[in-house]
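J.: Handing over final37.cif, mmCIF, N, CA and C atoms and all ligand atoms.
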```cif
data_data
loop_
_atom_site.group_PDB
_atom_site.id
_atom_site.type_symbol
_atom_site.label_atom_id
_atom_site.label_comp_id
_atom_site.auth_asym_id
_atom_site.auth_seq_id
_atom_site.Cartn_x
_atom_site.Cartn_y
_atom_site.Cartn_z
ATOM 1 N N MET A 12 -23.226 13.319 -33.399
ATOM 2 C CA MET A 12 -22.419 14.340 -34.092
ATOM 3 C C MET A 12 -21.641 15.171 -33.073
ATOM 4 N N LYS A 13 -20.336 15.219 -33.258
ATOM 5 C CA LYS A 13 -19.522 16.062 -32.391
ATOM 6 C C LYS A 13 -19.566 17.498 -32.888
ATOM 7 N N SER A 14 -19.358 18.427 -32.008
ATOM 8 C CA SER A 14 -19.301 19.817 -32.430
ATOM 9 C C SER A 14 -18.503 20.618 -31.422
ATOM 10 N N ILE A 15 -17.743 21.592 -31.925
ATOM 11 C CA ILE A 15 -17.057 22.456 -30.986
ATOM 12 C C ILE A 15 -17.892 23.696 -30.685
ATOM 13 N N VAL A 16 -19.119 23.741 -31.222
ATOM 14 C CA VAL A 16 -20.053 24.792 -30.816
ATOM 15 C C VAL A 16 -20.431 24.517 -29.370
ATOM 16 N N THR A 17 -20.189 25.466 -28.521
ATOM 17 C CA THR A 17 -20.485 25.246 -27.105
ATOM 18 C C THR A 17 -21.882 25.738 -26.768
ATOM 19 N N ASP A 18 -22.330 25.391 -25.585
ATOM 20 C CA ASP A 18 -23.618 25.893 -25.116
ATOM 21 C C ASP A 18 -23.532 27.385 -24.820
ATOM 22 N N TYR A 19 -22.319 27.811 -24.594
ATOM 23 C CA TYR A 19 -22.043 29.210 -24.311
ATOM 24 C C TYR A 19 -22.462 30.040 -25.524
ATOM 25 N N ASP A 20 -23.396 30.945 -25.346
ATOM 26 C CA ASP A 20 -24.018 31.605 -26.477
ATOM 27 C C ASP A 20 -23.288 32.895 -26.858
ATOM 28 N N ARG A 21 -22.024 32.752 -27.187
ATOM 29 C CA ARG A 21 -21.187 33.907 -27.487
ATOM 30 C C ARG A 21 -20.442 33.707 -28.796
ATOM 31 N N CYS A 22 -20.108 34.814 -29.437
ATOM 32 C CA CYS A 22 -19.317 34.761 -30.659
ATOM 33 C C CYS A 22 -17.920 34.226 -30.348
ATOM 34 N N PHE A 23 -17.484 33.227 -31.107
ATOM 35 C CA PHE A 23 -16.166 32.616 -30.942
ATOM 36 C C PHE A 23 -15.061 33.656 -31.101
ATOM 37 N N PHE A 24 -15.304 34.677 -31.906
ATOM 38 C CA PHE A 24 -14.258 35.629 -32.279
ATOM 39 C C PHE A 24 -14.185 36.845 -31.359
ATOM 40 N N CYS A 25 -15.342 37.434 -31.026
ATOM 41 C CA CYS A 25 -15.318 38.689 -30.260
ATOM 42 C C CYS A 25 -16.019 38.580 -28.919
ATOM 43 N N ASN A 26 -16.626 37.415 -28.650
ATOM 44 C CA ASN A 26 -17.315 37.178 -27.383
ATOM 45 C C ASN A 26 -18.612 37.979 -27.251
ATOM 46 N N GLY A 27 -19.058 38.603 -28.336
ATOM 47 C CA GLY A 27 -20.360 39.275 -28.323
ATOM 48 C C GLY A 27 -21.476 38.240 -28.431
ATOM 49 N N PRO A 28 -22.734 38.691 -28.410
ATOM 50 C CA PRO A 28 -23.855 37.748 -28.523
ATOM 51 C C PRO A 28 -23.792 36.961 -29.841
ATOM 52 N N ALA A 29 -24.001 35.646 -29.776
ATOM 53 C CA ALA A 29 -23.961 34.817 -30.982
ATOM 54 C C ALA A 29 -25.217 35.037 -31.820
ATOM 55 N N GLU A 30 -25.037 35.102 -33.135
ATOM 56 C CA GLU A 30 -26.179 35.300 -34.035
ATOM 57 C C GLU A 30 -26.238 34.253 -35.137
ATOM 58 N N CYS A 31 -25.138 33.532 -35.355
ATOM 59 C CA CYS A 31 -25.108 32.555 -36.448
ATOM 60 C C CYS A 31 -23.999 31.545 -36.163
ATOM 61 N N GLU A 32 -23.793 30.623 -37.076
ATOM 62 C CA GLU A 32 -22.709 29.659 -36.951
ATOM 63 C C GLU A 32 -21.763 29.824 -38.130
ATOM 64 N N HIS A 33 -20.463 29.669 -37.842
ATOM 65 C CA HIS A 33 -19.476 29.672 -38.916
ATOM 66 C C HIS A 33 -18.867 28.277 -39.014
ATOM 67 N N HIS A 34 -18.896 27.702 -40.209
ATOM 68 C CA HIS A 34 -18.239 26.421 -40.455
ATOM 69 C C HIS A 34 -16.774 26.708 -40.728
ATOM 70 N N LEU A 35 -15.896 26.191 -39.855
ATOM 71 C CA LEU A 35 -14.460 26.492 -39.985
ATOM 72 C C LEU A 35 -13.919 26.001 -41.323
ATOM 73 N N LEU A 36 -14.506 24.913 -41.827
ATOM 74 C CA LEU A 36 -14.167 24.416 -43.156
ATOM 75 C C LEU A 36 -15.359 24.728 -44.051
ATOM 76 N N PHE A 37 -15.101 25.374 -45.172
ATOM 77 C CA PHE A 37 -16.215 25.777 -46.031
ATOM 78 C C PHE A 37 -15.736 25.837 -47.479
ATOM 79 N N GLY A 38 -16.658 26.009 -48.363
ATOM 80 C CA GLY A 38 -16.365 26.005 -49.794
ATOM 81 C C GLY A 38 -17.222 24.947 -50.461
ATOM 82 N N LYS A 39 -17.096 24.861 -51.753
ATOM 83 C CA LYS A 39 -17.934 23.960 -52.547
ATOM 84 C C LYS A 39 -17.823 22.518 -52.051
ATOM 85 N N GLY A 40 -18.935 21.955 -51.592
ATOM 86 C CA GLY A 40 -18.955 20.558 -51.153
ATOM 87 C C GLY A 40 -18.343 20.316 -49.781
ATOM 88 N N ILE A 41 -17.718 21.352 -49.227
ATOM 89 C CA ILE A 41 -16.981 21.166 -47.974
ATOM 90 C C ILE A 41 -17.817 21.529 -46.757
ATOM 91 N N ARG A 42 -18.640 22.556 -46.905
ATOM 92 C CA ARG A 42 -19.466 23.003 -45.780
ATOM 93 C C ARG A 42 -20.353 21.860 -45.248
ATOM 94 N N ASP A 43 -20.909 21.063 -46.168
ATOM 95 C CA ASP A 43 -21.777 19.958 -45.751
ATOM 96 C C ASP A 43 -21.010 18.933 -44.918
ATOM 97 N N LEU A 44 -19.752 18.689 -45.291
ATOM 98 C CA LEU A 44 -18.916 17.765 -44.519
ATOM 99 C C LEU A 44 -18.636 18.365 -43.140
ATOM 100 N N ALA A 45 -18.348 19.661 -43.112
ATOM 101 C CA ALA A 45 -18.083 20.332 -41.835
ATOM 102 C C ALA A 45 -19.323 20.300 -40.943
ATOM 103 N N GLU A 46 -20.488 20.431 -41.560
ATOM 104 C CA GLU A 46 -21.743 20.338 -40.801
ATOM 105 C C GLU A 46 -21.876 18.935 -40.201
ATOM 106 N N ALA A 47 -21.635 17.916 -41.011
ATOM 107 C CA ALA A 47 -21.755 16.533 -40.540
ATOM 108 C C ALA A 47 -20.747 16.242 -39.436
ATOM 109 N N ASP A 48 -19.563 16.847 -39.528
ATOM 110 C CA ASP A 48 -18.499 16.585 -38.558
ATOM 111 C C ASP A 48 -18.536 17.550 -37.370
ATOM 112 N N GLY A 49 -19.410 18.551 -37.437
ATOM 113 C CA GLY A 49 -19.520 19.497 -36.325
ATOM 114 C C GLY A 49 -18.354 20.468 -36.231
ATOM 115 N N ILE A 50 -17.700 20.727 -37.363
ATOM 116 C CA ILE A 50 -16.553 21.634 -37.353
ATOM 117 C C ILE A 50 -17.061 23.062 -37.571
ATOM 118 N N LYS A 51 -17.671 23.609 -36.547
ATOM 119 C CA LYS A 51 -18.260 24.938 -36.662
ATOM 120 C C LYS A 51 -18.264 25.637 -35.311
ATOM 121 N N VAL A 52 -18.335 26.939 -35.343
ATOM 122 C CA VAL A 52 -18.344 27.733 -34.117
ATOM 123 C C VAL A 52 -19.476 28.754 -34.198
ATOM 124 N N LYS A 53 -19.857 29.279 -33.049
ATOM 125 C CA LYS A 53 -20.851 30.352 -33.051
ATOM 126 C C LYS A 53 -20.167 31.667 -33.370
ATOM 127 N N SER A 54 -20.911 32.545 -34.007
ATOM 128 C CA SER A 54 -20.353 33.830 -34.412
ATOM 129 C C SER A 54 -21.437 34.900 -34.333
ATOM 130 N N CYS A 55 -21.024 36.151 -34.339
ATOM 131 C CA CYS A 55 -21.984 37.235 -34.544
ATOM 132 C C CYS A 55 -21.938 37.589 -36.034
ATOM 133 N N ASN A 56 -22.940 38.270 -36.511
ATOM 134 C CA ASN A 56 -23.013 38.585 -37.943
ATOM 135 C C ASN A 56 -21.860 39.476 -38.391
ATOM 136 N N ARG A 57 -21.435 40.372 -37.509
ATOM 137 C CA ARG A 57 -20.361 41.298 -37.871
ATOM 138 C C ARG A 57 -19.056 40.543 -38.108
ATOM 139 N N CYS A 58 -18.689 39.668 -37.177
ATOM 140 C CA CYS A 58 -17.457 38.888 -37.345
ATOM 141 C C CYS A 58 -17.597 37.876 -38.485
ATOM 142 N N HIS A 59 -18.808 37.440 -38.750
ATOM 143 C CA HIS A 59 -18.986 36.390 -39.748
ATOM 144 C C HIS A 59 -18.876 36.937 -41.171
ATOM 145 N N ASN A 60 -19.814 37.779 -41.563
ATOM 146 C CA ASN A 60 -19.775 38.252 -42.956
ATOM 147 C C ASN A 60 -20.384 39.621 -43.173
ATOM 148 N N MET A 61 -20.680 40.348 -42.080
ATOM 149 C CA MET A 61 -21.329 41.634 -42.274
ATOM 150 C C MET A 61 -20.500 42.835 -41.845
ATOM 151 N N GLY A 62 -19.385 42.584 -41.143
ATOM 152 C CA GLY A 62 -18.530 43.692 -40.732
ATOM 153 C C GLY A 62 -17.630 44.144 -41.876
ATOM 154 N N LYS A 63 -16.758 45.090 -41.577
ATOM 155 C CA LYS A 63 -15.760 45.487 -42.571
ATOM 156 C C LYS A 63 -14.887 44.279 -42.892
ATOM 157 N N ILE A 64 -14.375 44.231 -44.108
ATOM 158 C CA ILE A 64 -13.586 43.061 -44.553
ATOM 159 C C ILE A 64 -12.514 42.687 -43.539
ATOM 160 N N GLN A 65 -11.777 43.670 -43.025
ATOM 161 C CA GLN A 65 -10.678 43.360 -42.109
ATOM 162 C C GLN A 65 -11.191 42.815 -40.781
ATOM 163 N N GLU A 66 -12.470 42.986 -40.498
ATOM 164 C CA GLU A 66 -13.017 42.599 -39.192
ATOM 165 C C GLU A 66 -13.867 41.343 -39.264
ATOM 166 N N ARG A 67 -13.949 40.727 -40.452
ATOM 167 C CA ARG A 67 -14.809 39.547 -40.567
ATOM 168 C C ARG A 67 -14.014 38.376 -41.146
ATOM 169 N N ILE A 68 -14.649 37.194 -41.100
ATOM 170 C CA ILE A 68 -14.010 35.987 -41.618
ATOM 171 C C ILE A 68 -14.133 35.904 -43.142
ATOM 172 N N HIS A 69 -15.364 35.969 -43.628
ATOM 173 C CA HIS A 69 -15.570 35.699 -45.050
ATOM 174 C C HIS A 69 -15.069 36.835 -45.936
ATOM 175 N N ASP A 70 -14.432 36.450 -47.018
ATOM 176 C CA ASP A 70 -13.835 37.359 -48.007
ATOM 177 C C ASP A 70 -12.552 38.007 -47.508
ATOM 178 N N ASN A 71 -12.126 37.644 -46.313
ATOM 179 C CA ASN A 71 -10.861 38.119 -45.761
ATOM 180 C C ASN A 71 -9.866 36.956 -45.924
ATOM 181 N N PRO A 72 -8.990 37.033 -46.902
ATOM 182 C CA PRO A 72 -8.176 35.860 -47.262
ATOM 183 C C PRO A 72 -7.398 35.259 -46.101
ATOM 184 N N MET A 73 -6.790 36.068 -45.268
ATOM 185 C CA MET A 73 -5.989 35.505 -44.178
ATOM 186 C C MET A 73 -6.889 34.846 -43.134
ATOM 187 N N ALA A 74 -8.011 35.501 -42.824
ATOM 188 C CA ALA A 74 -8.928 34.917 -41.840
ATOM 189 C C ALA A 74 -9.526 33.621 -42.368
ATOM 190 N N GLU A 75 -9.840 33.578 -43.645
ATOM 191 C CA GLU A 75 -10.402 32.350 -44.222
ATOM 192 C C GLU A 75 -9.385 31.211 -44.144
ATOM 193 N N LYS A 76 -8.141 31.529 -44.435
ATOM 194 C CA LYS A 76 -7.100 30.499 -44.393
ATOM 195 C C LYS A 76 -6.908 29.985 -42.960
ATOM 196 N N LEU A 77 -6.849 30.905 -42.008
ATOM 197 C CA LEU A 77 -6.679 30.492 -40.611
ATOM 198 C C LEU A 77 -7.860 29.654 -40.140
ATOM 199 N N SER A 78 -9.054 30.018 -40.583
ATOM 200 C CA SER A 78 -10.245 29.265 -40.228
ATOM 201 C C SER A 78 -10.121 27.817 -40.695
ATOM 202 N N LYS A 79 -9.686 27.634 -41.946
ATOM 203 C CA LYS A 79 -9.565 26.283 -42.498
ATOM 204 C C LYS A 79 -8.456 25.490 -41.803
ATOM 205 N N MET A 80 -7.361 26.178 -41.481
ATOM 206 C CA MET A 80 -6.273 25.494 -40.778
ATOM 207 C C MET A 80 -6.750 25.020 -39.404
ATOM 208 N N LEU A 81 -7.472 25.882 -38.702
ATOM 209 C CA LEU A 81 -8.001 25.515 -37.386
ATOM 210 C C LEU A 81 -9.005 24.375 -37.525
ATOM 211 N N GLY A 82 -9.862 24.467 -38.533
ATOM 212 C CA GLY A 82 -10.849 23.410 -38.753
ATOM 213 C C GLY A 82 -10.190 22.061 -38.976
ATOM 214 N N GLN A 83 -9.148 22.057 -39.778
ATOM 215 C CA GLN A 83 -8.447 20.791 -40.039
ATOM 216 C C GLN A 83 -7.753 20.282 -38.784
ATOM 217 N N ALA A 84 -7.118 21.181 -38.023
ATOM 218 C CA ALA A 84 -6.433 20.773 -36.793
ATOM 219 C C ALA A 84 -7.429 20.131 -35.831
ATOM 220 N N ILE A 85 -8.610 20.719 -35.721
ATOM 221 C CA ILE A 85 -9.635 20.151 -34.829
ATOM 222 C C ILE A 85 -10.120 18.811 -35.369
ATOM 223 N N TRP A 86 -10.323 18.738 -36.684
ATOM 224 C CA TRP A 86 -10.775 17.478 -37.288
ATOM 225 C C TRP A 86 -9.771 16.372 -37.001
ATOM 226 N N GLU A 87 -8.496 16.664 -37.196
ATOM 227 C CA GLU A 87 -7.463 15.643 -36.983
ATOM 228 C C GLU A 87 -7.401 15.220 -35.515
ATOM 229 N N LYS A 88 -7.665 16.159 -34.614
ATOM 230 C CA LYS A 88 -7.673 15.830 -33.190
ATOM 231 C C LYS A 88 -8.857 14.925 -32.858
ATOM 232 N N GLU A 89 -10.002 15.183 -33.490
ATOM 233 C CA GLU A 89 -11.226 14.453 -33.155
ATOM 234 C C GLU A 89 -11.397 13.159 -33.941
ATOM 235 N N TYR A 90 -10.926 13.144 -35.184
ATOM 236 C CA TYR A 90 -11.353 12.066 -36.079
ATOM 237 C C TYR A 90 -10.252 11.210 -36.674
ATOM 238 N N GLY A 91 -9.140 11.777 -37.061
ATOM 239 C CA GLY A 91 -8.191 10.897 -37.750
ATOM 240 C C GLY A 91 -6.946 11.592 -38.255
ATOM 241 N N THR A 92 -6.258 10.902 -39.122
ATOM 242 C CA THR A 92 -4.967 11.368 -39.612
ATOM 243 C C THR A 92 -5.126 12.399 -40.723
ATOM 244 N N ARG A 93 -4.005 13.005 -41.086
ATOM 245 C CA ARG A 93 -4.003 13.970 -42.189
ATOM 246 C C ARG A 93 -4.409 13.296 -43.503
ATOM 247 N N GLU A 94 -3.940 12.067 -43.667
ATOM 248 C CA GLU A 94 -4.291 11.336 -44.893
ATOM 249 C C GLU A 94 -5.796 11.094 -44.967
ATOM 250 N N GLU A 95 -6.396 10.784 -43.825
ATOM 251 C CA GLU A 95 -7.849 10.575 -43.778
ATOM 252 C C GLU A 95 -8.587 11.888 -44.032
ATOM 253 N N PHE A 96 -8.018 12.980 -43.521
ATOM 254 C CA PHE A 96 -8.630 14.281 -43.785
ATOM 255 C C PHE A 96 -8.603 14.572 -45.281
ATOM 256 N N ARG A 97 -7.442 14.300 -45.864
ATOM 257 C CA ARG A 97 -7.287 14.573 -47.293
ATOM 258 C C ARG A 97 -8.263 13.737 -48.122
ATOM 259 N N LYS A 98 -8.491 12.511 -47.693
ATOM 260 C CA LYS A 98 -9.443 11.643 -48.412
ATOM 261 C C LYS A 98 -10.857 12.200 -48.302
ATOM 262 N N ARG A 99 -11.207 12.654 -47.107
ATOM 263 C CA ARG A 99 -12.587 13.095 -46.892
ATOM 264 C C ARG A 99 -12.855 14.462 -47.503
ATOM 265 N N TYR A 100 -11.888 15.376 -47.340
ATOM 266 C CA TYR A 100 -12.134 16.757 -47.787
ATOM 267 C C TYR A 100 -11.475 17.092 -49.133
ATOM 268 N N GLY A 101 -10.670 16.152 -49.639
ATOM 269 C CA GLY A 101 -10.102 16.333 -50.970
ATOM 270 C C GLY A 101 -8.884 17.223 -51.027
ATOM 271 N N LYS A 102 -8.457 17.752 -49.860
ATOM 272 C CA LYS A 102 -7.265 18.608 -49.816
ATOM 273 C C LYS A 102 -6.789 18.738 -48.387
ATOM 274 N N SER A 103 -5.633 19.338 -48.216
ATOM 275 C CA SER A 103 -5.120 19.583 -46.873
ATOM 276 C C SER A 103 -4.735 21.051 -46.762
ATOM 277 N N TYR A 104 -5.092 21.670 -45.637
ATOM 278 C CA TYR A 104 -4.762 23.081 -45.406
ATOM 279 C C TYR A 104 -3.547 23.232 -44.516
ATOM 280 N N LEU A 105 -3.018 22.096 -44.042
ATOM 281 C CA LEU A 105 -1.871 22.144 -43.118
ATOM 282 C C LEU A 105 -0.639 21.517 -43.766
HETATM 283 ZN ZN ZN A 201 -18.269 38.545 -33.160
HETATM 284 ZN ZN ZN A 202 -19.030 31.157 -42.228
#
```
Could you spell out this file's structure in structure tokens?
Ligand SMILES: [Zn+2]
Ligand SMILES: [Zn+2]

T.:
Amino acid sequence: MKSIVTDYDRCFFCNGPAECEHHLLFGKGIRDLAEADGIKVKSCNRCHNMGKIQERIHDNPMAEKLSKMLGQAIWEKEYGTREEFRKRYGKSYL
């Protein structure tokens, strides 16, 4: 399994101590695919889902969209074409 989670134990977003993992691609049925494909980064709880809305990924519409776009870009770099992404994930964010 490939993963862009590094050994470096820091939050991908703020460089603080890592406390959890964020799947760049997420949503119904999608998180499991992202787990299998290793499309995830380390995060701290504040940047992930516990900080103020403007400071976190989840429930922040623009951050969620950017996360999915980045996840797809990485997937296409590692695994295949946009058409293959669309087949596997059922949609395209790019
Ligand atoms: Zn953080
Ligand atoms: Zn997350």

J.: Applying the PyMOL selection byres (((not hetatm) and name CA) within 6 of (chain A and resi 202)) to the file I just gave you, which residues come out? Please list them as a VMD selection string.

T.: chain A and resid 33 to 34 59

J.: Please compute the atom N of Ser78 of chain A-atom C of Asn26 of chain A distance, one decimal, in Å.

T.: 18.2 Å

J.: If you apply the PyMOL selection byres (((chain A and resi 53) around 7) and not hetatm) to this file, what residues do you get, as a list in words?

T.: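 Residues picked by the PyMOL selection byres (((chain A and resi 53) around 7) and not hetatm): Ile15, Val16, Thr17, Arg21, Cys22, Phe23, Phe24, Ala29, Glu30, Cys31, Glu32, His33, Lys51, Val52, Ser54 and Cys55 of chain A.
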
J.: Identify all residues of chain A in strand (DSSP E or B) (DSSP on the backbone) and supply them as a list in words.

T.: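 Here is the list: Arg21, Pro28, Cys31, Glu32, His33, His34, Lys51, Val52, Lys53 and Ser54 of chain A.
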
J.: Kindly give the distance, in Å, that separates atom CA of Glu46 of chain A and atom CA of Ile64 of chain A, rounded to a single decimal.

T.: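 It comes out at 24.4 Å.
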
J.: Hey, what's within 8 Å of segment 35-41 of chain A if we count all atoms listed in the file and toss same-chain stuff fewer than 5 positions away? As a PDB file with N, CA and C atoms, in the frame of the given file, please?

T.:
```
ATOM      1  N   GLU A  46     -20.488  20.431 -41.560  1.00  0.00           N
ATOM      2  CA  GLU A  46     -21.743  20.338 -40.801  1.00  0.00           C
ATOM      3  C   GLU A  46     -21.876  18.935 -40.201  1.00  0.00           C
ATOM      4  N   ALA A  47     -21.635  17.916 -41.011  1.00  0.00           N
ATOM      5  CA  ALA A  47     -21.755  16.533 -40.540  1.00  0.00           C
ATOM      6  C   ALA A  47     -20.747  16.242 -39.436  1.00  0.00           C
ATOM      7  N   GLY A  49     -19.410  18.551 -37.437  1.00  0.00           N
ATOM      8  CA  GLY A  49     -19.520  19.497 -36.325  1.00  0.00           C
ATOM      9  C   GLY A  49     -18.354  20.468 -36.231  1.00  0.00           C
ATOM     10  N   ILE A  50     -17.700  20.727 -37.363  1.00  0.00           N
ATOM     11  CA  ILE A  50     -16.553  21.634 -37.353  1.00  0.00           C
ATOM     12  C   ILE A  50     -17.061  23.062 -37.571  1.00  0.00           C
ATOM     13  N   LYS A  51     -17.671  23.609 -36.547  1.00  0.00           N
ATOM     14  CA  LYS A  51     -18.260  24.938 -36.662  1.00  0.00           C
ATOM     15  C   LYS A  51     -18.264  25.637 -35.311  1.00  0.00           C
ATOM     16  N   VAL A  52     -18.335  26.939 -35.343  1.00  0.00           N
ATOM     17  CA  VAL A  52     -18.344  27.733 -34.117  1.00  0.00           C
ATOM     18  C   VAL A  52     -19.476  28.754 -34.198  1.00  0.00           C
ATOM     19  N   GLU A  75      -9.840  33.578 -43.645  1.00  0.00           N
ATOM     20  CA  GLU A  75     -10.402  32.350 -44.222  1.00  0.00           C
ATOM     21  C   GLU A  75      -9.385  31.211 -44.144  1.00  0.00           C
ATOM     22  N   LEU A  77      -6.849  30.905 -42.008  1.00  0.00           N
ATOM     23  CA  LEU A  77      -6.679  30.492 -40.611  1.00  0.00           C
ATOM     24  C   LEU A  77      -7.860  29.654 -40.140  1.00  0.00           C
ATOM     25  N   SER A  78      -9.054  30.018 -40.583  1.00  0.00           N
ATOM     26  CA  SER A  78     -10.245  29.265 -40.228  1.00  0.00           C
ATOM     27  C   SER A  78     -10.121  27.817 -40.695  1.00  0.00           C
ATOM     28  N   LYS A  79      -9.686  27.634 -41.946  1.00  0.00           N
ATOM     29  CA  LYS A  79      -9.565  26.283 -42.498  1.00  0.00           C
ATOM     30  C   LYS A  79      -8.456  25.490 -41.803  1.00  0.00           C
ATOM     31  N   MET A  80      -7.361  26.178 -41.481  1.00  0.00           N
ATOM     32  CA  MET A  80      -6.273  25.494 -40.778  1.00  0.00           C
ATOM     33  C   MET A  80      -6.750  25.020 -39.404  1.00  0.00           C
ATOM     34  N   LEU A  81      -7.472  25.882 -38.702  1.00  0.00           N
ATOM     35  CA  LEU A  81      -8.001  25.515 -37.386  1.00  0.00           C
ATOM     36  C   LEU A  81      -9.005  24.375 -37.525  1.00  0.00           C
ATOM     37  N   GLY A  82      -9.862  24.467 -38.533  1.00  0.00           N
ATOM     38  CA  GLY A  82     -10.849  23.410 -38.753  1.00  0.00           C
ATOM     39  C   GLY A  82     -10.190  22.061 -38.976  1.00  0.00           C
ATOM     40  N   GLN A  83      -9.148  22.057 -39.778  1.00  0.00           N
ATOM     41  CA  GLN A  83      -8.447  20.791 -40.039  1.00  0.00           C
ATOM     42  C   GLN A  83      -7.753  20.282 -38.784  1.00  0.00           C
ATOM     43  N   ARG A  99     -11.207  12.654 -47.107  1.00  0.00           N
ATOM     44  CA  ARG A  99     -12.587  13.095 -46.892  1.00  0.00           C
ATOM     45  C   ARG A  99     -12.855  14.462 -47.503  1.00  0.00           C
ATOM     46  N   TYR A 100     -11.888  15.376 -47.340  1.00  0.00           N
ATOM     47  CA  TYR A 100     -12.134  16.757 -47.787  1.00  0.00           C
ATOM     48  C   TYR A 100     -11.475  17.092 -49.133  1.00  0.00           C
TER      49      TYR A 100
END
```

J.: Given the choices A:Ala45, A:Ile85, A:Ala74, A:Ile68, which gets closest to ligand ZN 201 (chain A) if the distance is worked out from only C-alpha atoms and all ligand atoms?

T.: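 With only C-alpha atoms and all ligand atoms as the atom set, the closest residue is A:Ile68.
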
J.: Would you mind reading off the distance between atom CA of Met61 of chain A and atom CA of Asp20 of chain A, one decimal, in Å?

T.: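 Distance reported for this atom pair: 18.9 Å.
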
J.: From a backbone DSSP assignment, name each residue in chain A labelled helix (DSSP H, G or I), as number ranges by chain.

T.: A: 42-48, 56-61, 64-66, 72-89, 93-100

J.: Between A:Lys102, A:Arg97, A:Lys88, A:Arg57, which one has atoms that come closest to ligand ZN 201 (chain A), using all atoms listed in the file?

T.: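 Of all the options, A:Arg57 lies closest to ligand ZN 201 (chain A).
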
J.: Could you work out an axis-aligned bounding box for all listed atoms of segment 81-99 of chain A, with 3 Å added on each of the six sides, and give its centre and edge lengths in Å to one decimal, as JSON?

T.:
```
{"center_x": -8.4, "center_y": 18.2, "center_z": -40.6, "size_x": 14.9, "size_y": 21.3, "size_z": 21.6}
```

J.: Pick from A:Tyr104, A:Arg93, A:Arg42, A:Cys58: nearest to ligand ZN 201 (chain A), with only C-alpha atoms and all ligand atoms counted?

T.: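 Closest to ligand ZN 201 (chain A) of all the choices is A:Cys58.
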